[in-house]
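Just below is one structure, and these are the notes that go with it.
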Amino acid sequence: MLDEEFQNWLHHRLNQPLPGLDAQLEMAPSSRKNRIKDLKIPKDARKSAVLILLYPDKNRNILLPMQERTEYKGVHSRQIGLPGGSVEYVDDNFEDTALRETEEELGIERKEVELLGRLTKIYIPPSNYLVQPVVGIAKSRPNFVIDPTEVQSLLEASIQFFTDLDAIQTGTIKGRNNETLEVPCFRVHDHIVWGATAMIMNEFREILNEVFS
């Protein structure tokens, strides 16, 4: 339940030492784990931010919005991800980026969101993005207005998709060279959540499990 006690606990917890890279690596494809661990982030990495937004449904379950990207020529075409995008000159910080992009993509006004803290940054080599995950809450289910140029479909995911004992599964995806890969993943409404998004969500999962396990 998304009550004030949980909100205060989460805000406090996000400002303590985080699970970090070790938690992220649990959801990295096996072929990339060692490379990620030893990787030096390039100076020209593009900065970006995503938002994990928690909100209650009518039964007071805790949900968060995820989205299927539209099809395009980039490496993240049709993947399931969190709302967010590149830092722009109008943004004062990563939080501004996450809120602006979420409003552009899903129509959630920033005044609806109370920010609680950050997770560990993650670098995505295929797209050269350095991503800062930001966590926030909304008091009620947002009135979603989806931008069809960026979002193919909206997924409202219960946190149980990530916190159940059998949440971590194995899925089959097509790689950039059309090869078949077996990857650790979460499954949300029959969609595979893998790669950087799964790595971000696994760090958040470890934090949530301190309360829900």
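For the structure tokens, the naming scheme is as follows: chains receive sequential letters (A, B, ...) according to their order of presentation, residues are indexed from 1 within each chain, and ligands are indexed from 1 in presentation order.
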Residues of range 94-207 of chain A in strand (DSSP E or B) according to DSSP, as a PyMOL selection string? chain A and resi 114-118+122-124+129-137+151-158+169-174+180-188+191-193
Write out as a list in words the residues lying within 7 Å of Leu64 in chain A, counting only C-alpha atoms and excluding same-chain residues fewer than 3 positions away. Ile52, Leu53, Leu54, Tyr55, Glu156, Ala157 and Ser158 of chain A
Could you pull out the residues in range 66-189 of chain A that DSSP calls helix (DSSP H, G or I) from the backbone, as a PyMOL selection string? chain A and resi 94-106+110-112+160-163
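Closest approach to Tyr89 in chain A among A:Asn61, A:Ser140, A:Ser48, A:Gln16: A:Ser48, based on only C-alpha atoms.
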Return as JSON lines the residues of range 106-174 of chain A lying at most 7 Å from range 182-199 of chain A, together with the closest atom-to-atom pair for each and the distance in Å to one decimal, counting only C-alpha atoms, with rows in chain order and ascending residue number.
```
{"residue": "A:Ile124", "atom": "CA", "partner": "A:Ala196", "partner_atom": "CA", "distance": 6.8}
{"residue": "A:Ala157", "atom": "CA", "partner": "A:Val188", "partner_atom": "CA", "distance": 6.4}
{"residue": "A:Phe161", "atom": "CA", "partner": "A:Val188", "partner_atom": "CA", "distance": 6.3}
{"residue": "A:Phe162", "atom": "CA", "partner": "A:Phe186", "partner_atom": "CA", "distance": 6.8}
{"residue": "A:Ala167", "atom": "CA", "partner": "A:Phe186", "partner_atom": "CA", "distance": 6.0}
{"residue": "A:Ile168", "atom": "CA", "partner": "A:Phe186", "partner_atom": "CA", "distance": 5.5}
{"residue": "A:Gln169", "atom": "CA", "partner": "A:Cys185", "partner_atom": "CA", "distance": 5.3}
{"residue": "A:Thr170", "atom": "CA", "partner": "A:Pro184", "partner_atom": "CA", "distance": 4.6}
{"residue": "A:Gly171", "atom": "CA", "partner": "A:Val183", "partner_atom": "CA", "distance": 5.4}
{"residue": "A:Thr172", "atom": "CA", "partner": "A:Glu182", "partner_atom": "CA", "distance": 4.7}
{"residue": "A:Ile173", "atom": "CA", "partner": "A:Glu182", "partner_atom": "CA", "distance": 6.6}
```
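Residue nearest Pro83 in chain A, chosen from A:Asp147, A:Glu4, A:Glu210, A:Asp57 and counting only C-alpha atoms: A:Asp147.
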So the first atom is CA of Gly20 in chain A and the second is CA of Leu154 in chain A; what is the distance between them in Å, to one decimal place? 27.7 Å
Have a look at A:Asn143, A:Ser153, A:Asn209, A:Asn128 and name the one nearest to Leu165 in chain A; count only C-alpha atoms. A:Asn209
List the neighbours of range 92-95 of chain A out to 7 Å using only C-alpha atoms; skip same-chain residues closer than 6 positions along the sequence, and give me the result as an MDAnalysis selection string. chainID A and resid 49 132 134
Could you please determine the separation between CA of Ile36 in chain A and CA of Leu51 in chain A in Å, to one decimal place?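 Atom-to-atom, CA of Ile36 in chain A to CA of Leu51 in chain A, that is 22.5 Å.
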Just the number, please: distance in Å from CA of Val131 in chain A to CA of Leu18 in chain A, one decimal.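 Those two atoms sit 15.8 Å apart.
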Report as a PyMOL selection string all protein, DNA and RNA residues lying within 9 Å of Glu101 in chain A, evaluated on only C-alpha atoms, omitting residues in the same chain fewer than 3 positions from it. chain A and resi 49-51+83-86+96-98+104-106
Can you spit out the residues from that selection as a PDB file, in the first residue's frame, using N, CA, C and O atoms?
```
ATOM      1  N   ALA A  49      17.767  10.758 -18.213  1.00  0.00           N
ATOM      2  CA  ALA A  49      17.125  10.379 -16.950  1.00  0.00           C
ATOM      3  C   ALA A  49      15.813   9.671 -17.245  1.00  0.00           C
ATOM      4  O   ALA A  49      15.159   9.949 -18.260  1.00  0.00           O
ATOM      5  N   VAL A  50      15.450   8.744 -16.365  1.00  0.00           N
ATOM      6  CA  VAL A  50      14.155   8.064 -16.448  1.00  0.00           C
ATOM      7  C   VAL A  50      13.462   8.167 -15.092  1.00  0.00           C
ATOM      8  O   VAL A  50      14.106   8.404 -14.060  1.00  0.00           O
ATOM      9  N   LEU A  51      12.147   7.979 -15.112  1.00  0.00           N
ATOM     10  CA  LEU A  51      11.352   8.117 -13.888  1.00  0.00           C
ATOM     11  C   LEU A  51      10.659   6.811 -13.546  1.00  0.00           C
ATOM     12  O   LEU A  51       9.950   6.231 -14.377  1.00  0.00           O
ATOM     13  N   PRO A  83       9.551   5.858 -18.656  1.00  0.00           N
ATOM     14  CA  PRO A  83       9.500   7.177 -19.290  1.00  0.00           C
ATOM     15  C   PRO A  83      10.771   7.967 -18.990  1.00  0.00           C
ATOM     16  O   PRO A  83      11.304   7.918 -17.877  1.00  0.00           O
ATOM     17  N   GLY A  84      11.248   8.674 -19.998  1.00  0.00           N
ATOM     18  CA  GLY A  84      12.468   9.457 -19.811  1.00  0.00           C
ATOM     19  C   GLY A  84      13.152   9.723 -21.131  1.00  0.00           C
ATOM     20  O   GLY A  84      12.687   9.317 -22.193  1.00  0.00           O
ATOM     21  N   GLY A  85      14.293  10.424 -21.052  1.00  0.00           N
ATOM     22  CA  GLY A  85      15.021  10.756 -22.265  1.00  0.00           C
ATOM     23  C   GLY A  85      16.218  11.635 -21.989  1.00  0.00           C
ATOM     24  O   GLY A  85      16.689  11.747 -20.846  1.00  0.00           O
ATOM     25  N   SER A  86      16.703  12.272 -23.020  1.00  0.00           N
ATOM     26  CA  SER A  86      17.957  13.025 -22.965  1.00  0.00           C
ATOM     27  C   SER A  86      17.828  14.323 -22.178  1.00  0.00           C
ATOM     28  O   SER A  86      16.788  14.999 -22.209  1.00  0.00           O
ATOM     29  N   ASP A  96      14.621  17.347 -13.413  1.00  0.00           N
ATOM     30  CA  ASP A  96      13.900  18.135 -14.424  1.00  0.00           C
ATOM     31  C   ASP A  96      13.742  17.347 -15.721  1.00  0.00           C
ATOM     32  O   ASP A  96      12.682  17.370 -16.355  1.00  0.00           O
ATOM     33  N   THR A  97      14.800  16.655 -16.108  1.00  0.00           N
ATOM     34  CA  THR A  97      14.740  15.855 -17.332  1.00  0.00           C
ATOM     35  C   THR A  97      13.692  14.757 -17.222  1.00  0.00           C
ATOM     36  O   THR A  97      12.857  14.577 -18.122  1.00  0.00           O
ATOM     37  N   ALA A  98      13.731  14.017 -16.119  1.00  0.00           N
ATOM     38  CA  ALA A  98      12.789  12.909 -15.931  1.00  0.00           C
ATOM     39  C   ALA A  98      11.350  13.407 -15.933  1.00  0.00           C
ATOM     40  O   ALA A  98      10.468  12.799 -16.558  1.00  0.00           O
ATOM     41  N   GLU A 104       6.007  14.831 -21.469  1.00  0.00           N
ATOM     42  CA  GLU A 104       5.919  14.802 -22.928  1.00  0.00           C
ATOM     43  C   GLU A 104       5.423  13.456 -23.442  1.00  0.00           C
ATOM     44  O   GLU A 104       4.617  13.394 -24.380  1.00  0.00           O
ATOM     45  N   GLU A 105       5.878  12.372 -22.836  1.00  0.00           N
ATOM     46  CA  GLU A 105       5.569  11.038 -23.348  1.00  0.00           C
ATOM     47  C   GLU A 105       4.225  10.505 -22.849  1.00  0.00           C
ATOM     48  O   GLU A 105       3.483   9.873 -23.603  1.00  0.00           O
ATOM     49  N   LEU A 106       3.926  10.757 -21.577  1.00  0.00           N
ATOM     50  CA  LEU A 106       2.737  10.154 -20.972  1.00  0.00           C
ATOM     51  C   LEU A 106       1.716  11.168 -20.472  1.00  0.00           C
ATOM     52  O   LEU A 106       0.666  10.783 -19.950  1.00  0.00           O
TER      53      LEU A 106
END
```
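Counting only C-alpha atoms, the residue from A:Val90, A:Val151, A:Ala28, A:Leu208 that sits nearest to Thr70 in chain A is A:Val151.
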I need the residue nearest Ile62 in chain A from this list: A:Asp91, A:Asp3, A:Glu206, A:Asp164. Use only C-alpha atoms for the distance. A:Asp3
List the spatial neighbours of Arg205 in chain A as number ranges by chain - criterion: any atom at most 9 Å away, only C-alpha atoms, same-chain residues fewer than 6 positions off excluded. A: 23, 159, 162-163
So which one's closest to Lys121 in chain A, A:Lys40, A:His11, A:Lys47, A:Arg32? Using only C-alpha atoms, please.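 Looking only at the distances to Lys121 in chain A, the closest residue turns out to be A:Lys47.
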Non-local contacts of His12 in chain A (12 Å; only C-alpha atoms; under 5 positions in same chain excluded) as a ChimeraX atom specification: /A:5-7,17-18,115-118,207
